[in-house]
Each structure stands twice: as C-alpha cells, then as structure tokens.
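A.B. asks: File upload.pdb below, PDB, C-alpha atoms:
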```pdb
MODEL        1
ATOM      1  CA  MET A1305       9.486 -21.777  12.849
ATOM      2  CA  ILE A1306       7.337 -19.371  10.842
ATOM      3  CA  GLU A1307       4.598 -21.307   9.075
ATOM      4  CA  ILE A1308       3.196 -20.108   5.772
ATOM      5  CA  GLU A1309      -0.324 -20.061   7.268
ATOM      6  CA  HIS A1310       0.771 -17.470   9.824
ATOM      7  CA  VAL A1311       2.106 -15.180   7.093
ATOM      8  CA  LEU A1312      -1.068 -15.598   5.043
ATOM      9  CA  VAL A1313      -3.336 -14.911   8.030
ATOM     10  CA  VAL A1314      -1.398 -11.730   8.857
ATOM     11  CA  GLY A1315      -1.711 -10.722   5.188
ATOM     12  CA  GLY A1316      -5.435 -11.486   5.167
ATOM     13  CA  ILE A1317      -6.129  -9.436   8.312
ATOM     14  CA  LEU A1318      -4.064  -6.549   6.918
ATOM     15  CA  PHE A1319      -6.083  -6.770   3.676
ATOM     16  CA  SER A1320      -9.410  -6.607   5.513
ATOM     17  CA  ILE A1321      -8.249  -3.612   7.583
ATOM     18  CA  GLY A1322      -7.188  -1.903   4.347
ATOM     19  CA  LEU A1323     -10.579  -2.698   2.819
ATOM     20  CA  PHE A1324     -12.325  -1.124   5.811
ATOM     21  CA  VAL A1325     -10.146   2.011   5.604
ATOM     22  CA  ALA A1326     -10.689   2.346   1.835
ATOM     23  CA  LEU A1327     -14.471   2.055   2.166
ATOM     24  CA  SER A1328     -15.034   4.077   5.334
ATOM     25  CA  ARG A1329     -12.882   7.163   4.707
ATOM     26  CA  ARG A1330     -14.567  10.131   3.085
ATOM     27  CA  ASN A1331     -11.373  11.965   2.165
ATOM     28  CA  ALA A1332      -9.825  10.771  -1.106
ATOM     29  CA  VAL A1333      -6.362  10.657   0.489
ATOM     30  CA  GLY A1334      -7.804   8.415   3.217
ATOM     31  CA  VAL A1335      -9.201   6.065   0.583
ATOM     32  CA  LEU A1336      -5.738   5.917  -0.978
ATOM     33  CA  MET A1337      -4.269   4.951   2.407
ATOM     34  CA  GLY A1338      -6.585   1.942   2.502
ATOM     35  CA  ILE A1339      -5.526   0.929  -1.007
ATOM     36  CA  GLU A1340      -1.851   1.152  -0.020
ATOM     37  CA  LEU A1341      -2.537  -1.082   2.995
ATOM     38  CA  MET A1342      -4.192  -3.662   0.725
ATOM     39  CA  LEU A1343      -1.232  -3.589  -1.707
ATOM     40  CA  ASN A1344       1.096  -4.096   1.256
ATOM     41  CA  SER A1345      -0.841  -7.149   2.394
ATOM     42  CA  VAL A1346      -0.502  -8.635  -1.097
ATOM     43  CA  ASN A1347       3.247  -8.041  -0.900
ATOM     44  CA  VAL A1348       3.417  -9.784   2.487
ATOM     45  CA  ASN A1349       1.773 -12.823   0.897
ATOM     46  CA  LEU A1350       4.186 -12.780  -2.066
ATOM     47  CA  ILE A1351       7.240 -12.584   0.188
ATOM     48  CA  GLY A1352       5.806 -15.335   2.381
ATOM     49  CA  PHE A1353       5.334 -17.617  -0.615
ATOM     50  CA  ALA A1354       8.846 -16.801  -1.862
ATOM     51  CA  LYS A1355      10.320 -17.948   1.447
ATOM     52  CA  LEU A1356       8.054 -20.786   2.529
ATOM     53  CA  SER A1357       6.543 -22.509  -0.499
ATOM     54  CA  GLU A1358       8.014 -25.052  -2.840
ATOM     55  CA  SER A1359       9.259 -23.532  -6.082
ATOM     56  CA  PRO A1360      12.084 -24.056  -8.589
ATOM     57  CA  THR A1361      12.768 -20.283  -8.670
ATOM     58  CA  PRO A1362      11.735 -18.911  -5.255
ATOM     59  CA  ILE A1363      13.154 -15.434  -5.953
ATOM     60  CA  THR A1364      10.182 -14.796  -8.301
ATOM     61  CA  GLY A1365       7.990 -13.803  -5.361
ATOM     62  CA  GLN A1366      10.405 -11.056  -4.345
ATOM     63  CA  VAL A1367      10.691  -9.818  -7.949
ATOM     64  CA  PHE A1368       6.904  -9.584  -8.119
ATOM     65  CA  ALA A1369       6.866  -7.664  -4.830
ATOM     66  CA  VAL A1370       9.297  -5.146  -6.348
ATOM     67  CA  PHE A1371       6.984  -4.760  -9.371
ATOM     68  CA  VAL A1372       3.962  -4.274  -7.098
ATOM     69  CA  ILE A1373       5.824  -1.554  -5.177
ATOM     70  CA  THR A1374       6.712   0.159  -8.488
ATOM     71  CA  VAL A1375       3.129   0.169  -9.695
ATOM     72  CA  ALA A1376       1.896   1.319  -6.275
ATOM     73  CA  ALA A1377       4.280   4.274  -6.380
ATOM     74  CA  ALA A1378       3.073   5.293  -9.855
ATOM     75  CA  GLU A1379      -0.544   4.892  -8.776
ATOM     76  CA  ALA A1380      -0.045   6.960  -5.613
ATOM     77  CA  ALA A1381       1.608   9.792  -7.560
ATOM     78  CA  VAL A1382      -1.202   9.980 -10.119
ATOM     79  CA  ALA A1383      -3.981   9.597  -7.541
ATOM     80  CA  LEU A1384      -2.607  12.337  -5.292
ATOM     81  CA  ALA A1385      -2.131  14.644  -8.293
ATOM     82  CA  LEU A1386      -5.773  13.967  -9.183
ATOM     83  CA  ALA A1387      -6.831  14.764  -5.603
ATOM     84  CA  VAL A1388      -4.999  18.112  -5.671
ATOM     85  CA  SER A1389      -6.431  18.859  -9.130
ATOM     86  CA  VAL A1390     -10.003  18.032  -8.061
ATOM     87  CA  TYR A1391      -9.571  20.133  -4.931
ATOM     88  CA  ARG A1392      -8.649  23.111  -7.120
ATOM     89  CA  TYR A1393     -12.017  22.964  -8.876
ATOM     90  CA  ARG A1394     -14.317  21.796  -6.080
ATOM     91  CA  GLN A1395     -12.600  22.972  -2.837
ATOM     92  CA  SER A1396     -13.263  19.473  -1.533
ATOM     93  CA  ILE A1397     -11.997  15.933  -2.025
ATOM     94  CA  ASP A1398     -14.875  14.299  -0.161
ATOM     95  CA  VAL A1399     -15.550  11.240  -2.296
ATOM     96  CA  ASP A1400     -19.237  11.258  -1.287
ATOM     97  CA  ARG A1401     -19.736  14.661  -2.863
ATOM     98  CA  LEU A1402     -17.809  14.037  -6.097
ATOM     99  CA  ASP A1403     -20.890  12.977  -8.067
ATOM    100  CA  LEU A1404     -20.426  15.046 -11.222
ATOM    101  CA  LEU A1405     -20.499  11.972 -13.450
ATOM    102  CA  LYS A1406     -23.506  10.411 -11.703
ATOM    103  CA  TRP A1407     -26.812  10.658 -13.556
TER     104      TRP A1407
ATOM    105  CA  MET B1268      20.306 -16.930  12.936
ATOM    106  CA  ASP B1269      18.491 -18.241  15.975
ATOM    107  CA  ASP B1270      15.166 -19.664  14.912
ATOM    108  CA  THR B1271      13.036 -18.696  17.909
ATOM    109  CA  ALA B1272      14.378 -15.138  17.761
ATOM    110  CA  VAL B1273      13.171 -14.879  14.160
ATOM    111  CA  VAL B1274       9.732 -16.184  15.122
ATOM    112  CA  ILE B1275       9.480 -13.704  18.014
ATOM    113  CA  ALA B1276      10.574 -10.882  15.693
ATOM    114  CA  PHE B1277       7.983 -11.979  13.132
ATOM    115  CA  TRP B1278       5.129 -11.839  15.630
ATOM    116  CA  VAL B1279       6.298  -8.536  17.134
ATOM    117  CA  MET B1280       6.380  -7.017  13.637
ATOM    118  CA  ALA B1281       3.007  -8.587  12.760
ATOM    119  CA  VAL B1282       1.380  -7.095  15.875
ATOM    120  CA  LEU B1283       3.016  -3.698  15.195
ATOM    121  CA  THR B1284       1.756  -3.747  11.592
ATOM    122  CA  LEU B1285      -1.787  -4.805  12.423
ATOM    123  CA  VAL B1286      -2.204  -2.474  15.429
ATOM    124  CA  SER B1287      -0.968   0.565  13.513
ATOM    125  CA  ALA B1288      -3.163  -0.397  10.522
ATOM    126  CA  LEU B1289      -6.132  -0.535  12.928
ATOM    127  CA  MET B1290      -5.131   2.877  14.261
ATOM    128  CA  VAL B1291      -5.191   4.189  10.662
ATOM    129  CA  ALA B1292      -8.815   3.068  10.546
ATOM    130  CA  MET B1293      -9.656   4.483  13.983
ATOM    131  CA  VAL B1294      -7.993   7.900  14.318
ATOM    132  CA  HIS B1295      -9.924  10.934  13.121
ATOM    133  CA  ASP B1296      -7.190  13.323  12.029
ATOM    134  CA  LEU B1297      -5.765  12.392   8.614
ATOM    135  CA  ILE B1298      -2.257  13.586   9.572
ATOM    136  CA  HIS B1299      -2.237  11.131  12.484
ATOM    137  CA  ALA B1300      -3.535   8.454  10.113
ATOM    138  CA  VAL B1301      -0.559   9.022   7.793
ATOM    139  CA  LEU B1302       1.845   8.767  10.736
ATOM    140  CA  PHE B1303       0.317   5.429  11.775
ATOM    141  CA  LEU B1304       0.450   4.351   8.121
ATOM    142  CA  ILE B1305       4.220   4.993   8.129
ATOM    143  CA  LEU B1306       4.522   2.867  11.279
ATOM    144  CA  SER B1307       2.554   0.123   9.556
ATOM    145  CA  PHE B1308       4.838   0.272   6.489
ATOM    146  CA  VAL B1309       7.894  -0.028   8.722
ATOM    147  CA  GLY B1310       6.284  -3.035  10.416
ATOM    148  CA  VAL B1311       5.737  -4.648   7.015
ATOM    149  CA  ALA B1312       9.411  -3.998   6.206
ATOM    150  CA  GLY B1313      10.262  -5.834   9.434
ATOM    151  CA  LEU B1314       8.088  -8.765   8.304
ATOM    152  CA  TYR B1315      10.090  -8.848   5.051
ATOM    153  CA  VAL B1316      13.347  -9.002   7.011
ATOM    154  CA  THR B1317      12.120 -11.964   9.070
ATOM    155  CA  LEU B1318      11.150 -13.674   5.782
ATOM    156  CA  SER B1319      14.727 -13.092   4.468
ATOM    157  CA  ALA B1320      13.733 -10.504   1.845
ATOM    158  CA  ASP B1321      16.207  -7.825   2.883
ATOM    159  CA  PHE B1322      16.339  -6.007  -0.471
ATOM    160  CA  VAL B1323      12.543  -5.709  -0.652
ATOM    161  CA  ALA B1324      12.526  -4.474   2.953
ATOM    162  CA  VAL B1325      14.936  -1.661   2.066
ATOM    163  CA  VAL B1326      12.849  -0.803  -1.013
ATOM    164  CA  GLN B1327       9.730  -0.804   1.169
ATOM    165  CA  VAL B1328      11.240   1.669   3.633
ATOM    166  CA  LEU B1329      12.561   3.910   0.838
ATOM    167  CA  ILE B1330       9.462   3.951  -1.387
ATOM    168  CA  TYR B1331       6.578   3.531   1.044
ATOM    169  CA  ALA B1332       7.773   4.966   4.350
ATOM    170  CA  GLY B1333       9.829   7.599   2.551
ATOM    171  CA  ALA B1334       8.290   8.712  -0.717
ATOM    172  CA  ILE B1335       4.614   7.732  -0.730
ATOM    173  CA  SER B1336       3.892   8.905   2.820
ATOM    174  CA  VAL B1337       5.561  12.276   2.115
ATOM    175  CA  LEU B1338       3.398  12.574  -1.026
ATOM    176  CA  MET B1339       0.331  11.857   1.104
ATOM    177  CA  LEU B1340       1.319  14.407   3.731
ATOM    178  CA  PHE B1341       1.823  17.019   1.014
ATOM    179  CA  SER B1342      -1.521  16.343  -0.608
ATOM    180  CA  ILE B1343      -3.278  16.551   2.777
ATOM    181  CA  LEU B1344      -1.575  19.893   3.419
ATOM    182  CA  LEU B1345      -2.418  21.135  -0.103
ATOM    183  CA  THR B1346      -6.132  20.429   0.392
ATOM    184  CA  PRO B1347      -6.650  22.357   3.635
ATOM    185  CA  ARG B1348     -10.355  23.103   3.570
ATOM    186  CA  SER B1349     -11.556  19.603   2.782
ATOM    187  CA  ALA B1350     -12.805  17.605   5.732
ATOM    188  CA  ARG B1351      -9.678  16.303   7.402
ATOM    189  CA  ASP B1352     -11.447  14.342  10.064
ATOM    190  CA  ASN B1353     -13.115  11.068   9.269
ATOM    191  CA  ALA B1354     -16.689  12.193   9.852
ATOM    192  CA  ALA B1355     -18.816   9.218  10.818
ATOM    193  CA  VAL B1356     -20.120   7.548   7.690
ATOM    194  CA  SER B1357     -23.631   6.183   8.040
ATOM    195  CA  TYR B1358     -22.614   2.813   6.601
ATOM    196  CA  ALA B1359     -19.665   2.094   8.942
ATOM    197  CA  ALA B1360     -21.282  -0.980  10.507
ATOM    198  CA  PRO B1361     -21.998  -2.841   7.237
ATOM    199  CA  ILE B1362     -18.493  -2.022   5.960
ATOM    200  CA  ALA B1363     -16.954  -3.283   9.190
ATOM    201  CA  SER B1364     -18.909  -6.546   8.999
ATOM    202  CA  LEU B1365     -17.941  -6.933   5.327
ATOM    203  CA  ALA B1366     -14.270  -6.401   6.167
ATOM    204  CA  ILE B1367     -14.428  -8.868   9.078
ATOM    205  CA  LEU B1368     -16.129 -11.403   6.794
ATOM    206  CA  VAL B1369     -13.406 -10.996   4.138
ATOM    207  CA  GLY B1370     -10.731 -11.409   6.824
ATOM    208  CA  ILE B1371     -12.370 -14.582   8.167
ATOM    209  CA  VAL B1372     -12.739 -16.086   4.684
ATOM    210  CA  LEU B1373      -9.108 -15.310   3.761
ATOM    211  CA  SER B1374      -7.790 -16.689   7.060
ATOM    212  CA  TYR B1375      -9.933 -19.835   6.758
ATOM    213  CA  ALA B1376      -8.710 -20.437   3.209
ATOM    214  CA  ALA B1377      -5.094 -19.862   4.291
ATOM    215  CA  VAL B1378      -5.332 -22.301   7.208
ATOM    216  CA  GLU B1379      -7.342 -25.029   5.465
ATOM    217  CA  THR B1380      -5.412 -25.195   2.180
ATOM    218  CA  ASN B1381      -2.739 -27.854   1.907
ATOM    219  CA  TRP B1382       0.247 -25.745   0.833
ATOM    220  CA  ALA B1383       3.352 -27.232  -0.784
ATOM    221  CA  LYS B1384       5.695 -26.203   2.011
ATOM    222  CA  SER B1385       9.412 -25.861   2.033
ATOM    223  CA  THR B1386      11.952 -23.401   3.376
ATOM    224  CA  ASN B1387      13.983 -21.661   0.708
ATOM    225  CA  GLU B1388      17.358 -20.204   1.510
ATOM    226  CA  PHE B1389      18.460 -17.141  -0.391
ATOM    227  CA  GLY B1390      21.993 -15.988  -0.872
ATOM    228  CA  SER B1391      22.315 -12.322  -1.687
ATOM    229  CA  THR B1392      18.727 -11.354  -2.555
ATOM    230  CA  ALA B1393      19.812  -8.108  -4.243
ATOM    231  CA  ARG B1394      21.992 -10.076  -6.666
ATOM    232  CA  GLU B1395      19.319 -12.726  -7.287
ATOM    233  CA  ILE B1396      16.601 -10.102  -7.892
ATOM    234  CA  GLY B1397      18.936  -8.214 -10.225
ATOM    235  CA  ASN B1398      19.662 -11.350 -12.224
ATOM    236  CA  ALA B1399      15.964 -12.232 -12.383
ATOM    237  CA  LEU B1400      15.059  -8.707 -13.512
ATOM    238  CA  LEU B1401      17.559  -8.857 -16.344
ATOM    239  CA  ASP B1402      17.049 -12.424 -17.460
ATOM    240  CA  PRO B1403      13.444 -13.726 -17.350
ATOM    241  CA  TYR B1404      11.702 -10.460 -16.474
ATOM    242  CA  VAL B1405      13.298  -7.952 -18.855
ATOM    243  CA  LEU B1406      10.023  -7.045 -20.557
ATOM    244  CA  PRO B1407       8.038  -6.284 -17.351
ATOM    245  CA  PHE B1408      11.080  -4.387 -16.083
ATOM    246  CA  GLU B1409      11.134  -2.121 -19.146
ATOM    247  CA  VAL B1410       7.353  -1.726 -19.079
ATOM    248  CA  ALA B1411       7.597  -0.703 -15.412
ATOM    249  CA  SER B1412      10.119   1.983 -16.278
ATOM    250  CA  ILE B1413       7.839   3.316 -19.045
ATOM    251  CA  LEU B1414       4.939   3.247 -16.577
ATOM    252  CA  LEU B1415       6.938   5.315 -14.097
ATOM    253  CA  VAL B1416       7.810   7.919 -16.743
ATOM    254  CA  VAL B1417       4.179   8.114 -17.905
ATOM    255  CA  ALA B1418       2.919   8.435 -14.325
ATOM    256  CA  MET B1419       5.465  11.147 -13.545
ATOM    257  CA  ILE B1420       4.584  13.204 -16.639
ATOM    258  CA  GLY B1421       0.872  12.665 -15.994
ATOM    259  CA  ALA B1422       1.155  13.804 -12.378
ATOM    260  CA  ILE B1423       3.060  16.942 -13.411
ATOM    261  CA  ILE B1424       0.475  17.800 -16.087
ATOM    262  CA  LEU B1425      -2.418  17.182 -13.673
ATOM    263  CA  VAL B1426      -1.171  19.536 -10.964
ATOM    264  CA  ARG B1427       0.054  22.294 -13.312
ATOM    265  CA  PRO B1428      -2.170  25.363 -13.023
ATOM    266  CA  THR B1429      -4.131  26.178 -16.164
ATOM    267  CA  GLU B1430      -3.129  29.191 -18.280
ATOM    268  CA  GLU B1431      -5.971  31.376 -16.945
ATOM    269  CA  ALA B1432      -5.264  30.460 -13.329
ATOM    270  CA  ALA B1433      -1.573  31.273 -13.811
ATOM    271  CA  GLN B1434      -2.463  34.615 -15.374
ATOM    272  CA  ALA B1435      -4.922  35.440 -12.569
ATOM    273  CA  ASP B1436      -2.193  34.666 -10.014
ATOM    274  CA  GLY B1437       0.166  36.948 -11.935
ATOM    275  CA  ASP B1438      -2.391  39.790 -11.892
ATOM    276  CA  GLN B1439      -2.873  39.476  -8.145
ATOM    277  CA  ALA B1440       0.839  39.550  -7.442
TER     278      ALA B1440
ENDMDL
END
```
How does this structure look as structure tokens?

C.D. replies:
Amino acid sequence: MIEIEHVLVVGGILFSIGLFVALSRRNAVGVLMGIELMLNSVNVNLIGFAKLSESPTPITGQVFAVFVITVAAAEAAVALALAVSVYRYRQSIDVDRLDLLKW
Amino acid sequence: MDDTAVVIAFWVMAVLTLVSALMVAMVHDLIHAVLFLILSFVGVAGLYVTLSADFVAVVQVLIYAGAISVLMLFSILLTPRSARDNAAVSYAAPIASLAILVGIVLSYAAVETNWAKSTNEFGSTAREIGNALLDPYVLPFEVASILLVVAMIGAIILVRPTEEAAQADGDQA
C-alpha cells in the first residue's frame, strides 16, 4: 500500500535536490533544469493527493498537474529563448556574470 | 492490479527519479546533466503510473522528456562558448545545507501532519480530465491556451536576429 506520506517525502526530497541544482549551477540552462525538477516535485505531490487524499472531486489534482505542465512548457520556451538571446550579446550565460542591472 | 507489485514499482521509480536528480546535481558536463534530467522525468512519469494518473504520465513523457529536454539540448548547443561545466561555486556548502534543511522540514511536515486519507479509484482518467477541463475549469483552460500562444510568439521574437545582425550576416555570405 502506497501511503500519502511516502509520496510527499519523495516529492520533498526531489524539491530540495531541484533547489540545490537551481542555486549551484552557474549556467542559466542548468538553473532552468533545477526549476524543472522543482516543478516536477510539485506535480508528484498533486498526483499523490489526487490518488490518496479524501476529496469529493479527486480528479482536480490531475487537472492541476496538467496546468502546471503547460505553464512549465511556456516558461521553459521563454527562458531558453532568453538564454540564447543573452548569449548573442554577452557570449556567456553565466548567471554570476550577468550583472548589468546591478548597481 | 497486484498491490505489492504497485508498491515495489513505486519505490523503484522513486529511487530512479531521486538518483538521477542527484546525478543532475553532481555531473559536470551540462549535456550529461540533461540526459540524467530526462531519466528523472521518465521516473516521475513512472510514479504517476503507480498513482493511477496514466494520462498525466503520457503528457509528462511527451512534454518533459520529449519537448523540454530537446529545447534544453538545443540551447546548450547554441551557446557553445559559455562554461558548460559546473565550475565549483564558492558557496556550494551553504546551498547544500540549505537544500538538506528544506528537505528535512518538508519530510517532517509530510510525516507529522494528520492527512485525510482515502484511496480514490479513477475510471478513464483521460475522459475525467477532459470533462473537468470543459466543465469547471474552462476559464483556466482558455487562459492556458492564450499563455501558450503568447509564450510561443515571445520566444520567436526573442531569438530572431536584429535587422543589423541579419544584414551583417548577409554581407558576409
């Protein structure tokens, strides 16, 4: 029997790994990978709640997961276009060196 | 379906997901990181299957393991001179302890909370999701489609070369 705590713990560990990746990568694409991992962990939690928690309309969790995937796809497309566009001007997408707006 | 088989499949997929996510954090080459990321996405899709969300699992494989990872590979290949390896950041230790702390807090909260448990059975999840998208969630559904169009147009505009750059390319050719 899969317990809801197990699903949530797996989701929590996946979230913390994603947080580490997002904060420790220097390449902007690497940061985006961490963000995608965190979004995935949120989806794991939503699907877990849809299956294992008490609700009058349990399918809602899966619908929300589909919405999260949609928004993640839009976000990835824009972020990667931004990375390519920044690279064209700076020859680098090292997030430590992109400090043009810092005063 | 046999219950213990589902539990075993769940834990196998959980270990696959978490190990390949850790490898994303550990490997140096970004291309290898994307490949482990794909493995992690497939593991998450397996978790969805064990939690009887088959439609979302298929969407996960199509969108994440298919589209988003190919986008990432392309943008890594289009930015060749930027540092591809994950050069050691000076603040790796504090970040790691922060991430471990967040993981411990989330796990503690998940284990200690008294959840309202039950086991829901779904029929055909594709049909139920379709009905839900067209009855209570019509507005978010339409907004999501507008968001996708806006993101697509925005991405195309962002990566289009400027007029001068296009002309310079034409002069060189």

A.B. asks: Name the residues captured by the PyMOL selection byres ((chain A and resi 1400) around 10) when it is applied to the shown file; answer as an MDAnalysis selection string.

C.D. replies: (chainID A and resid 1329:1332 1397:1399 1401:1403) or (chainID B and resid 1356)

A.B. asks: Could you tell me how far CA of Ala1320 (chain B) sits from CA of Ile1275 (chain B), in Å to one decimal place?

C.D. replies: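 Distance between the two atoms: 17.0 Å.
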
A.B. asks: What would the selection look like, as number ranges by chain, if the PyMOL selection byres ((chain A and resi 1367) around 12) were run on the coordinates I just shared?

C.D. replies: A: 1347, 1350-1351, 1353-1354, 1361-1366, 1368-1374; B: 1320, 1322-1323, 1326, 1392-1405, 1407-1408

A.B. asks: Measuring between only C-alpha atoms, which one of B:Leu1306, B:Ala1435, B:Ile1413, B:Leu1318 shows the shortest distance to chain A?

C.D. replies: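 Of B:Leu1306, B:Ala1435, B:Ile1413, B:Leu1318, the one nearest chain A is B:Leu1318, counting only C-alpha atoms.
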
A.B. asks: Rounded to one decimal in Å, what is the spacing between CA of Ser1320 (chain A) and CA of Val1369 (chain B)?

C.D. replies: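 These two atoms are separated by 6.1 Å.
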
A.B. asks: From the options B:Leu1314, B:Met1339, B:Ala1422, B:Ala1332, which residue's atoms come nearest to Ile1298 (chain B), counting only C-alpha atoms?

C.D. replies: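 Smallest separation from Ile1298 (chain B) among the options: B:Met1339.
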
A.B. asks: Could you check how far CA of Lys1384 (chain B) sits from CA of Leu1356 (chain A), in Å to one decimal?

C.D. replies: 5.9 Å

A.B. asks: Would you mind telling me which residue in A:Ile1339, A:Val1346, A:Ala1378, A:Pro1360 lies nearest to chain B when using only C-alpha atoms?

C.D. replies: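 So, comparing all the options, the nearest one is A:Ala1378.
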
A.B. asks: Here's a test: counting all atoms listed in the file, identify every protein, DNA and RNA residue with an atom at most 10 Å from (1.4, -2.3, 4.5) in the file's coordinate frame, and state them as a PyMOL selection string.

C.D. replies: (chain A and resi 1315+1318-1319+1322+1337-1348) or (chain B and resi 1284-1285+1287-1288+1304-1312+1327+1331-1332)

A.B. asks: Which of these residues is nearest to chain B, using all atoms listed in the file: A:Val1335, A:Glu1309, A:Ala1326, A:Leu1405?

C.D. replies: A:Glu1309

A.B. asks: Name the residues captured by the PyMOL selection byres ((chain B and resi 1345) around 12) when it is applied to the shown file; answer as a PyMOL selection string.

C.D. replies: (chain A and resi 1333+1384-1385+1387-1392+1395-1397) or (chain B and resi 1338-1344+1346-1349+1351+1426)

A.B. asks: Would you put the residues from that selection into a file with C-alpha atoms, as an mmCIF file, keeping the file's coordinate frame?

C.D. replies:
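Below you can see selection_10.cif, which holds the result:
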```cif
data_model
loop_
_atom_site.group_PDB
_atom_site.id
_atom_site.type_symbol
_atom_site.label_atom_id
_atom_site.label_comp_id
_atom_site.auth_asym_id
_atom_site.auth_seq_id
_atom_site.Cartn_x
_atom_site.Cartn_y
_atom_site.Cartn_z
ATOM 1 C CA VAL A 1333 -6.362 10.657 0.489
ATOM 2 C CA LEU A 1384 -2.607 12.337 -5.292
ATOM 3 C CA ALA A 1385 -2.131 14.644 -8.293
ATOM 4 C CA ALA A 1387 -6.831 14.764 -5.603
ATOM 5 C CA VAL A 1388 -4.999 18.112 -5.671
ATOM 6 C CA SER A 1389 -6.431 18.859 -9.130
ATOM 7 C CA VAL A 1390 -10.003 18.032 -8.061
ATOM 8 C CA TYR A 1391 -9.571 20.133 -4.931
ATOM 9 C CA ARG A 1392 -8.649 23.111 -7.120
ATOM 10 C CA GLN A 1395 -12.600 22.972 -2.837
ATOM 11 C CA SER A 1396 -13.263 19.473 -1.533
ATOM 12 C CA ILE A 1397 -11.997 15.933 -2.025
ATOM 13 C CA LEU B 1338 3.398 12.574 -1.026
ATOM 14 C CA MET B 1339 0.331 11.857 1.104
ATOM 15 C CA LEU B 1340 1.319 14.407 3.731
ATOM 16 C CA PHE B 1341 1.823 17.019 1.014
ATOM 17 C CA SER B 1342 -1.521 16.343 -0.608
ATOM 18 C CA ILE B 1343 -3.278 16.551 2.777
ATOM 19 C CA LEU B 1344 -1.575 19.893 3.419
ATOM 20 C CA THR B 1346 -6.132 20.429 0.392
ATOM 21 C CA PRO B 1347 -6.650 22.357 3.635
ATOM 22 C CA ARG B 1348 -10.355 23.103 3.570
ATOM 23 C CA SER B 1349 -11.556 19.603 2.782
ATOM 24 C CA ARG B 1351 -9.678 16.303 7.402
ATOM 25 C CA VAL B 1426 -1.171 19.536 -10.964
#
```

A.B. asks: Rank nothing, just name the residue among A:Ala1376, A:Lys1406, A:Asn1349, A:Gly1316 nearest to chain B, using all atoms listed in the file.

C.D. replies: A:Gly1316

A.B. asks: Which neighbours of Ala1363 (chain B) fall inside 9 Å, counting only C-alpha atoms, when residues of the same chain fewer than 3 positions from it are skipped, and could you give them as a PyMOL selection string?

C.D. replies: (chain A and resi 1321+1324+1328) or (chain B and resi 1358-1360+1366-1368)

A.B. asks: Where's the centre, and what are the edge lengths in Å to one decimal, of a box along x, y and z enclosing all listed atoms of region 1297-1305 of chain B padded 5 Å per side, as JSON?

C.D. replies:
```
{"center_x": -0.8, "center_y": 9.0, "center_z": 10.1, "size_x": 20.0, "size_y": 19.2, "size_z": 14.7}
```
